[in-house]
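Participant: File work05.cif follows (mmCIF, C-alpha atoms and all ligand atoms):
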data_structure
loop_
_atom_site.group_PDB
_atom_site.id
_atom_site.type_symbol
_atom_site.label_atom_id
_atom_site.label_comp_id
_atom_site.auth_asym_id
_atom_site.auth_seq_id
_atom_site.Cartn_x
_atom_site.Cartn_y
_atom_site.Cartn_z
ATOM 1 C CA MET B 1 14.863 -28.451 -5.637
ATOM 2 C CA PHE B 2 16.711 -28.285 -2.327
ATOM 3 C CA ILE B 3 15.630 -27.506 1.223
ATOM 4 C CA GLY B 4 17.927 -27.708 4.194
ATOM 5 C CA THR B 5 18.440 -26.375 7.689
ATOM 6 C CA ARG B 6 21.015 -26.756 10.432
ATOM 7 C CA PRO B 7 20.942 -25.590 14.050
ATOM 8 C CA GLY B 8 23.491 -23.017 15.137
ATOM 9 C CA ARG B 9 24.297 -24.929 18.320
ATOM 10 C CA ASP B 10 24.256 -28.573 19.323
ATOM 11 C CA ASP B 11 22.656 -27.790 22.688
ATOM 12 C CA LYS B 12 19.735 -25.675 21.378
ATOM 13 C CA PRO B 13 16.887 -26.775 19.087
ATOM 14 C CA ASN B 14 16.725 -25.263 15.617
ATOM 15 C CA GLU B 15 14.439 -22.216 15.433
ATOM 16 C CA ASP B 16 14.590 -22.014 11.626
ATOM 17 C CA TYR B 17 11.999 -24.004 9.695
ATOM 18 C CA VAL B 18 11.601 -24.570 5.967
ATOM 19 C CA ILE B 19 8.988 -26.472 4.009
ATOM 20 C CA ALA B 20 8.247 -26.745 0.280
ATOM 21 C CA ALA B 21 5.846 -28.559 -2.026
ATOM 22 C CA LEU B 22 5.960 -29.081 -5.774
ATOM 23 C CA SER B 23 3.032 -30.259 -7.828
ATOM 24 C CA ALA B 24 2.257 -30.353 -11.526
ATOM 25 C CA THR B 25 0.535 -26.967 -11.318
ATOM 26 C CA SER B 26 2.162 -25.086 -8.448
ATOM 27 C CA VAL B 27 5.240 -24.514 -6.317
ATOM 28 C CA ARG B 28 4.909 -23.391 -2.696
ATOM 29 C CA ALA B 29 7.568 -22.802 -0.077
ATOM 30 C CA VAL B 30 7.795 -21.126 3.321
ATOM 31 C CA LEU B 31 10.875 -20.360 5.411
ATOM 32 C CA LEU B 32 10.676 -19.088 8.986
ATOM 33 C CA ASP B 33 13.360 -17.852 11.375
ATOM 34 C CA GLY B 34 11.973 -17.874 14.893
ATOM 35 C CA ALA B 35 13.111 -15.490 17.617
ATOM 36 C CA GLY B 36 13.542 -17.415 20.820
ATOM 37 C CA GLY B 37 16.031 -15.101 22.436
ATOM 38 C CA PRO B 38 18.543 -15.883 25.130
ATOM 39 C CA SER B 39 17.356 -18.549 27.597
ATOM 40 C CA GLU B 40 17.794 -16.027 30.426
ATOM 41 C CA LEU B 41 14.637 -14.199 29.267
ATOM 42 C CA PRO B 42 11.075 -15.486 29.930
ATOM 43 C CA THR B 43 8.646 -16.065 27.044
ATOM 44 C CA GLY B 44 5.268 -16.866 28.622
ATOM 45 C CA CYS B 45 4.989 -19.838 26.214
ATOM 46 C CA HIS B 46 5.053 -23.494 27.293
ATOM 47 C CA HIS B 47 5.620 -24.718 23.740
ATOM 48 C CA GLY B 48 8.769 -22.901 22.660
ATOM 49 C CA THR B 49 9.914 -21.245 19.467
ATOM 50 C CA PRO B 50 10.637 -24.486 17.488
ATOM 51 C CA TRP B 51 6.991 -25.515 18.056
ATOM 52 C CA TYR B 52 5.819 -22.048 17.007
ATOM 53 C CA VAL B 53 7.686 -22.026 13.679
ATOM 54 C CA ASN B 54 6.607 -25.598 12.882
ATOM 55 C CA GLN B 55 2.944 -24.801 13.504
ATOM 56 C CA LEU B 56 3.045 -21.496 11.646
ATOM 57 C CA GLY B 57 4.922 -22.916 8.653
ATOM 58 C CA ASP B 58 2.583 -25.876 8.271
ATOM 59 C CA SER B 59 -0.492 -23.670 8.590
ATOM 60 C CA VAL B 60 0.799 -21.194 5.978
ATOM 61 C CA MET B 61 1.562 -24.043 3.567
ATOM 62 C CA PHE B 62 -1.925 -25.452 3.986
ATOM 63 C CA ARG B 63 -3.569 -22.083 3.399
ATOM 64 C CA LEU B 64 -1.426 -21.348 0.320
ATOM 65 C CA ARG B 65 -2.903 -24.370 -1.472
ATOM 66 C CA ASP B 66 -5.850 -22.344 -2.741
ATOM 67 C CA PRO B 67 -4.432 -19.967 -5.383
ATOM 68 C CA ARG B 68 -7.316 -17.575 -4.727
ATOM 69 C CA THR B 69 -6.025 -16.953 -1.192
ATOM 70 C CA ALA B 70 -3.643 -13.968 -1.145
ATOM 71 C CA LEU B 71 -0.285 -14.563 0.524
ATOM 72 C CA THR B 72 -1.030 -11.883 3.131
ATOM 73 C CA THR B 73 -4.382 -13.502 3.938
ATOM 74 C CA ALA B 74 -2.752 -16.929 4.220
ATOM 75 C CA LEU B 75 -0.222 -15.563 6.697
ATOM 76 C CA ALA B 76 -2.801 -13.613 8.724
ATOM 77 C CA GLN B 77 -4.988 -16.722 9.010
ATOM 78 C CA ALA B 78 -2.013 -18.877 9.960
ATOM 79 C CA VAL B 79 -0.929 -16.423 12.695
ATOM 80 C CA ASP B 80 -4.468 -16.603 14.052
ATOM 81 C CA ASP B 81 -4.463 -20.424 13.823
ATOM 82 C CA VAL B 82 -1.327 -20.691 15.964
ATOM 83 C CA ALA B 83 -2.479 -18.042 18.467
ATOM 84 C CA ARG B 84 -5.628 -20.111 19.050
ATOM 85 C CA LEU B 85 -3.541 -23.252 19.606
ATOM 86 C CA HIS B 86 -1.525 -21.820 22.472
ATOM 87 C CA ARG B 87 -3.649 -19.004 23.879
ATOM 88 C CA VAL B 88 -5.281 -21.348 26.393
ATOM 89 C CA ARG B 89 -2.095 -22.230 28.238
ATOM 90 C CA CYS B 90 0.316 -19.465 27.279
ATOM 91 C CA ASP B 91 0.523 -15.736 27.964
ATOM 92 C CA LEU B 92 0.543 -14.271 24.464
ATOM 93 C CA ASP B 93 0.851 -10.769 25.914
ATOM 94 C CA ASP B 94 4.324 -11.571 27.229
ATOM 95 C CA PRO B 95 6.781 -9.475 25.169
ATOM 96 C CA GLY B 96 8.860 -12.642 24.716
ATOM 97 C CA THR B 97 6.046 -14.691 23.153
ATOM 98 C CA PRO B 98 7.505 -16.579 20.157
ATOM 99 C CA SER B 99 7.765 -14.637 16.903
ATOM 100 C CA SER B 100 9.253 -15.316 13.508
ATOM 101 C CA THR B 101 10.378 -13.839 10.235
ATOM 102 C CA VAL B 102 8.492 -15.179 7.224
ATOM 103 C CA VAL B 103 9.487 -15.546 3.588
ATOM 104 C CA MET B 104 7.164 -17.367 1.238
ATOM 105 C CA VAL B 105 6.721 -17.964 -2.454
ATOM 106 C CA ARG B 106 3.986 -19.437 -4.596
ATOM 107 C CA CYS B 107 4.152 -20.081 -8.315
ATOM 108 C CA ALA B 108 0.745 -20.769 -9.811
ATOM 109 C CA ASN B 109 -1.415 -19.460 -12.626
ATOM 110 C CA GLY B 110 1.484 -17.780 -14.396
ATOM 111 C CA LEU B 111 2.706 -15.722 -11.444
ATOM 112 C CA VAL B 112 5.555 -16.002 -8.976
ATOM 113 C CA GLU B 113 4.247 -14.290 -5.837
ATOM 114 C CA TYR B 114 6.395 -13.585 -2.771
ATOM 115 C CA LEU B 115 5.972 -12.245 0.753
ATOM 116 C CA VAL B 116 8.744 -11.163 3.127
ATOM 117 C CA LEU B 117 8.328 -10.155 6.772
ATOM 118 C CA GLY B 118 11.468 -9.653 8.848
ATOM 119 C CA ASP B 119 15.112 -10.084 7.946
ATOM 120 C CA SER B 120 14.929 -13.294 5.948
ATOM 121 C CA THR B 121 15.507 -12.915 2.199
ATOM 122 C CA PHE B 122 13.739 -13.816 -1.036
ATOM 123 C CA VAL B 123 16.003 -14.154 -4.078
ATOM 124 C CA ALA B 124 14.644 -14.476 -7.616
ATOM 125 C CA ASP B 125 16.616 -15.018 -10.797
ATOM 126 C CA VAL B 126 14.698 -12.629 -13.058
ATOM 127 C CA GLY B 127 16.022 -12.598 -16.592
ATOM 128 C CA GLY B 128 19.454 -13.696 -15.375
ATOM 129 C CA LYS B 129 19.701 -11.064 -12.602
ATOM 130 C CA ALA B 130 19.440 -11.923 -8.892
ATOM 131 C CA GLU B 131 16.705 -9.715 -7.397
ATOM 132 C CA THR B 132 16.559 -9.713 -3.586
ATOM 133 C CA ILE B 133 13.809 -8.691 -1.201
ATOM 134 C CA SER B 134 14.459 -8.497 2.530
ATOM 135 C CA ASP B 135 12.629 -6.555 5.224
ATOM 136 C CA ARG B 136 15.238 -4.657 7.227
ATOM 137 C CA ARG B 137 12.882 -2.546 9.350
ATOM 138 C CA ILE B 138 14.002 -4.575 12.379
ATOM 139 C CA GLU B 139 17.526 -3.181 12.013
ATOM 140 C CA SER B 140 16.456 0.388 12.774
ATOM 141 C CA VAL B 141 15.188 -0.723 16.201
ATOM 142 C CA GLY B 142 17.812 -0.478 18.925
ATOM 143 C CA ALA B 143 20.695 0.248 16.555
ATOM 144 C CA ASN B 144 22.557 1.891 19.461
ATOM 145 C CA LEU B 145 22.153 -1.246 21.612
ATOM 146 C CA TRP B 146 23.387 -3.374 18.695
ATOM 147 C CA GLN B 147 26.525 -1.205 18.475
ATOM 148 C CA GLU B 148 27.160 -1.616 22.221
ATOM 149 C CA MET B 149 26.991 -5.402 21.725
ATOM 150 C CA ALA B 150 28.983 -5.454 18.472
ATOM 151 C CA VAL B 151 32.140 -3.968 19.998
ATOM 152 C CA LEU B 152 32.340 -6.754 22.641
ATOM 153 C CA PRO B 153 33.937 -10.155 21.920
ATOM 154 C CA THR B 154 31.346 -12.862 21.121
ATOM 155 C CA GLY B 155 31.225 -15.570 23.791
ATOM 156 C CA THR B 156 32.038 -13.288 26.740
ATOM 157 C CA PRO B 157 29.589 -12.567 29.602
ATOM 158 C CA GLU B 158 29.729 -8.865 28.658
ATOM 159 C CA HIS B 159 28.628 -9.641 25.077
ATOM 160 C CA GLN B 160 25.812 -11.863 26.335
ATOM 161 C CA ALA B 161 24.602 -9.149 28.772
ATOM 162 C CA ALA B 162 24.586 -6.598 25.938
ATOM 163 C CA ARG B 163 22.725 -9.091 23.717
ATOM 164 C CA ILE B 164 20.038 -9.494 26.392
ATOM 165 C CA ARG B 165 19.559 -5.700 26.567
ATOM 166 C CA PHE B 166 19.308 -5.591 22.754
ATOM 167 C CA VAL B 167 16.751 -8.445 22.597
ATOM 168 C CA GLU B 168 14.656 -7.044 25.485
ATOM 169 C CA ASN B 169 14.319 -3.781 23.568
ATOM 170 C CA GLN B 170 13.504 -5.584 20.303
ATOM 171 C CA ARG B 171 10.779 -7.567 22.043
ATOM 172 C CA ARG B 172 9.127 -4.411 23.339
ATOM 173 C CA MET B 173 9.002 -2.955 19.816
ATOM 174 C CA ARG B 174 7.415 -5.967 18.064
ATOM 175 C CA ASN B 175 4.323 -4.938 16.134
ATOM 176 C CA LYS B 176 4.329 -1.495 17.736
ATOM 177 C CA ARG B 177 2.980 1.067 15.284
ATOM 178 C CA ALA B 178 5.245 3.880 16.519
ATOM 179 C CA GLY B 179 8.950 3.166 16.117
ATOM 180 C CA GLY B 180 8.506 -0.594 16.027
ATOM 181 C CA TYR B 181 8.648 -3.258 13.347
ATOM 182 C CA PRO B 182 6.137 -5.859 12.105
ATOM 183 C CA ILE B 183 6.845 -9.553 12.653
ATOM 184 C CA ALA B 184 4.788 -12.762 12.744
ATOM 185 C CA SER B 185 3.742 -13.426 16.333
ATOM 186 C CA ASN B 186 0.185 -13.258 17.662
ATOM 187 C CA ASP B 187 -1.132 -10.232 15.704
ATOM 188 C CA PRO B 188 -2.640 -11.288 12.343
ATOM 189 C CA GLY B 189 -2.524 -7.633 11.259
ATOM 190 C CA ALA B 190 1.279 -7.850 10.933
ATOM 191 C CA ALA B 191 0.787 -9.944 7.775
ATOM 192 C CA TYR B 192 -0.558 -6.889 5.959
ATOM 193 C CA GLU B 193 2.657 -4.966 6.768
ATOM 194 C CA ALA B 194 4.785 -7.526 4.885
ATOM 195 C CA LEU B 195 6.673 -6.737 1.683
ATOM 196 C CA THR B 196 4.858 -8.428 -1.195
ATOM 197 C CA GLY B 197 5.028 -8.562 -4.971
ATOM 198 C CA SER B 198 5.034 -10.802 -7.997
ATOM 199 C CA PHE B 199 6.805 -11.524 -11.262
ATOM 200 C CA PRO B 200 5.434 -13.095 -14.439
ATOM 201 C CA ALA B 201 6.363 -16.764 -14.101
ATOM 202 C CA GLY B 202 7.968 -16.818 -17.543
ATOM 203 C CA GLN B 203 10.641 -14.333 -16.383
ATOM 204 C CA VAL B 204 11.727 -16.279 -13.293
ATOM 205 C CA ARG B 205 14.108 -19.185 -13.692
ATOM 206 C CA ARG B 206 14.718 -20.043 -10.044
ATOM 207 C CA VAL B 207 14.201 -18.647 -6.553
ATOM 208 C CA ALA B 208 15.729 -19.096 -3.116
ATOM 209 C CA LEU B 209 14.498 -18.418 0.397
ATOM 210 C CA LEU B 210 17.223 -17.723 2.965
ATOM 211 C CA SER B 211 17.304 -17.102 6.708
ATOM 212 C CA ASP B 212 19.780 -14.506 7.982
ATOM 213 C CA GLY B 213 22.042 -17.375 9.037
ATOM 214 C CA ALA B 214 22.266 -18.296 5.345
ATOM 215 C CA THR B 215 22.674 -14.742 4.024
ATOM 216 C CA ARG B 216 25.886 -14.582 6.082
ATOM 217 C CA TYR B 217 27.270 -16.196 2.891
ATOM 218 C CA VAL B 218 26.810 -12.805 1.184
ATOM 219 C CA GLU B 219 27.359 -10.570 4.243
ATOM 220 C CA PHE B 220 30.693 -12.267 4.964
ATOM 221 C CA GLY B 221 31.761 -11.729 1.346
ATOM 222 C CA LEU B 222 31.907 -15.435 0.457
ATOM 223 C CA GLY B 223 29.873 -14.803 -2.698
ATOM 224 C CA THR B 224 27.029 -12.844 -4.260
ATOM 225 C CA PHE B 225 23.342 -13.749 -4.216
ATOM 226 C CA ALA B 226 23.809 -15.021 -7.801
ATOM 227 C CA ASP B 227 26.633 -17.261 -6.511
ATOM 228 C CA ALA B 228 24.329 -18.468 -3.726
ATOM 229 C CA LEU B 229 21.688 -19.429 -6.318
ATOM 230 C CA ASP B 230 24.308 -21.317 -8.349
ATOM 231 C CA LEU B 231 25.610 -23.139 -5.273
ATOM 232 C CA LEU B 232 22.143 -24.077 -4.002
ATOM 233 C CA GLY B 233 21.224 -25.328 -7.477
ATOM 234 C CA SER B 234 24.402 -27.390 -7.787
ATOM 235 C CA ALA B 235 24.938 -31.039 -6.837
ATOM 236 C CA THR B 236 26.411 -29.884 -3.497
ATOM 237 C CA PRO B 237 24.015 -27.245 -2.084
ATOM 238 C CA GLU B 238 25.096 -27.926 1.516
ATOM 239 C CA ARG B 239 28.462 -26.399 0.704
ATOM 240 C CA LEU B 240 26.765 -23.032 1.309
ATOM 241 C CA PHE B 241 26.147 -24.041 4.924
ATOM 242 C CA GLU B 242 29.670 -25.437 5.250
ATOM 243 C CA GLN B 243 31.253 -22.253 3.895
ATOM 244 C CA VAL B 244 29.309 -20.105 6.375
ATOM 245 C CA ARG B 245 30.292 -22.383 9.266
ATOM 246 C CA ALA B 246 33.944 -22.253 8.205
ATOM 247 C CA ALA B 247 33.858 -18.447 8.077
ATOM 248 C CA GLU B 248 32.209 -18.276 11.530
ATOM 249 C CA ALA B 249 34.870 -20.638 12.918
ATOM 250 C CA SER B 250 37.596 -18.394 11.500
ATOM 251 C CA ASP B 251 36.216 -15.425 13.512
ATOM 252 C CA PRO B 252 35.174 -16.854 16.912
ATOM 253 C CA ALA B 253 35.201 -13.511 18.763
ATOM 254 C CA GLY B 254 33.207 -11.669 16.093
ATOM 255 C CA GLU B 255 35.979 -9.168 15.402
ATOM 256 C CA ARG B 256 35.812 -9.333 11.617
ATOM 257 C CA TRP B 257 32.034 -9.852 11.452
ATOM 258 C CA PRO B 258 30.351 -8.521 14.655
ATOM 259 C CA ARG B 259 27.193 -10.515 15.347
ATOM 260 C CA ALA B 260 24.667 -11.410 18.051
ATOM 261 C CA LYS B 261 25.464 -15.132 17.887
ATOM 262 C CA HIS B 262 28.743 -16.822 16.983
ATOM 263 C CA ARG B 263 26.803 -19.405 14.919
ATOM 264 C CA ASP B 264 23.186 -18.897 13.895
ATOM 265 C CA ASP B 265 20.589 -21.395 12.715
ATOM 266 C CA ILE B 266 20.749 -21.708 8.916
ATOM 267 C CA ALA B 267 17.909 -22.510 6.529
ATOM 268 C CA ALA B 268 17.604 -22.327 2.759
ATOM 269 C CA ALA B 269 15.203 -23.405 0.030
ATOM 270 C CA TYR B 270 16.036 -23.471 -3.673
ATOM 271 C CA LEU B 271 13.288 -23.962 -6.236
ATOM 272 C CA PRO B 272 13.492 -24.121 -10.009
ATOM 273 C CA MET B 273 10.437 -22.272 -11.263
ATOM 274 C CA ARG B 274 9.869 -23.856 -14.658
ATOM 275 C CA LEU B 275 7.480 -26.559 -13.651
ATOM 276 C CA ASP B 276 8.615 -28.883 -16.439
ATOM 277 C CA GLU B 277 12.162 -28.735 -15.003
ATOM 278 C CA THR B 278 11.250 -29.470 -11.407
HETATM 279 ZN ZN ZN B 301 2.751 -21.477 23.691
#
Using the file provided, produce a representation of the structure as structure tokens.
Ligand SMILES: [Zn+2]

Facilitator:
Amino acid sequence: MFIGTRPGRDDKPNEDYVIAALSATSVRAVLLDGAGGPSELPTGCHHGTPWYVNQLGDSVMFRLRDPRTALTTALAQAVDDVARLHRVRCDLDDPGTPSSTVVMVRCANGLVEYLVLGDSTFVADVGGKAETISDRRIESVGANLWQEMAVLPTGTPEHQAARIRFVENQRRMRNKRAGGYPIASNDPGAAYEALTGSFPAGQVRRVALLSDGATRYVEFGLGTFADALDLLGSATPERLFEQVRAAEASDPAGERWPRAKHRDDIAAAYLPMRLDET
């Protein structure tokens, strides 16, 4: 088993969060990629996105302990838990209130169950083939604004201004039924919009949870998802992070790989699913 995360920048706290637990009878893991947005934009929250993802991740893990609790229910309850914690002091109606992608897995009672909300990715080695589940609904929101940002060199004031316009629009569309996209924030109902499914445990050898900072490994053409599983399961799993950082450094202006941030937070979890091998 491996879990790891690294911040994208030295001067900003990590907004990715990953947590996992193995026991004799179950495997549970949750990975979150919080959306804090550029510091120029207000959020209405005194706690901040790193606090939000920590609270939400811990609450989800706690609620996943009972195998009778569905993954969607666990997430909905956890979203409600965190909303209660900061509703008193924070304006949860602010469009910039912290939000997060969620990818979670639980292996218990002969099933590997997963849930994906937002553009983090679940990878399962099913019968030797890497199956991937990622929720890309967010990408259809403001695609024109993304294009306007993508053509500008990363690190310039013009790119940052375009990124702010893109994020402001994304924030307005969070959990909007018409033309929007579901994400974990303060609406427990979003949990029921997540992509969910399961595999018989006997068919799944290993799984990985990846934030979009980590799936740059595949998007940048450094390897396939099967390669990512092999690397994360090797003696040197952090080489995946190092290879992504090296690729980012080789393209500082985002000409080869246009992106919102030069370096993004990275998080990954790798879990062997045969309990006797963990
Ligand atoms: Zn708050």

Participant: Given the PyMOL selection byres (((chain B and resi 105) around 6) and not hetatm) and the file above, list the residues it selects as a list in words.

Facilitator: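 Applying the expression gives Arg28, Ala29, Met104, Arg106, Glu113 and Tyr114 of chain B.
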
Participant: Expanded to explicit residues, what is the PyMOL selection byres (((chain B and resi 37-39) around 7) and not hetatm) for this file, as a ChimeraX atom specification?

Facilitator: /B:35-36,40-41,164,167

Participant: Work out how far atom CA of B:Glu148 is from atom CA of B:Ser120, in Å to one decimal.

Facilitator: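 So the answer is 23.5 Å.
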
Participant: For ligand ZN 301 (chain B), which of B:Cys90, B:Leu56, B:Met173, B:Met273 is the closest residue, counting only C-alpha atoms and all ligand atoms?

Facilitator: B:Cys90

Participant: For each of B:Pro272, B:Pro42, B:Gly202, B:Gly118, take the minimum atom-to-atom distance to B:Asp94, counting all atoms listed in the file, then give the residue where this is smallest.

Facilitator: B:Pro42

Participant: Rank nothing, just name the residue among B:Ala108, B:Ala190, B:Ala201, B:Met61 nearest to B:Asp80, using all atoms listed in the file.

Facilitator: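 With all atoms listed in the file as the atom set, the closest residue is B:Ala190.
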
Participant: Run the PyMOL selection byres (((not hetatm)) within 6 of (chain B and resi 301)) on the file and write out the hits as number ranges by chain.

Facilitator: B: 45-47, 86, 90

Participant: Hey, which of B:Pro67, B:Gly213, B:Gly34, B:Gly4 ends up closest to B:Tyr52? Count all atoms listed in the file.

Facilitator: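 Distance minimum relative to B:Tyr52 lands on B:Gly34.
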
Participant: With distances taken over all atoms listed in the file, which of B:Ala76, B:Val82, B:Val53, B:Leu195 is nearest to B:Leu32?

Facilitator: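 Counting all atoms listed in the file, the residue closest to B:Leu32 is B:Val53.
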
Participant: Residues near B:Val244, anyone? I mean within 8 Å using only C-alpha atoms, not counting same-chain ones fewer than 5 positions away, as a ChimeraX atom specification.

Facilitator: /B:214,216-217,222

Participant: Contacts of B:Thr73 at 9 Å or less, counting all atoms listed in the file, minus same-chain residues fewer than 4 places along, as a list in words?

Facilitator: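 Answer for this query is Arg63, Thr69, Gln77, Ala78, Pro188, Ala191 and Tyr192 of chain B.
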
Participant: Between B:Arg245, B:Arg259, B:Val27, B:Gly57, which is the closest to B:Glu15 once you count only C-alpha atoms?

Facilitator: B:Gly57
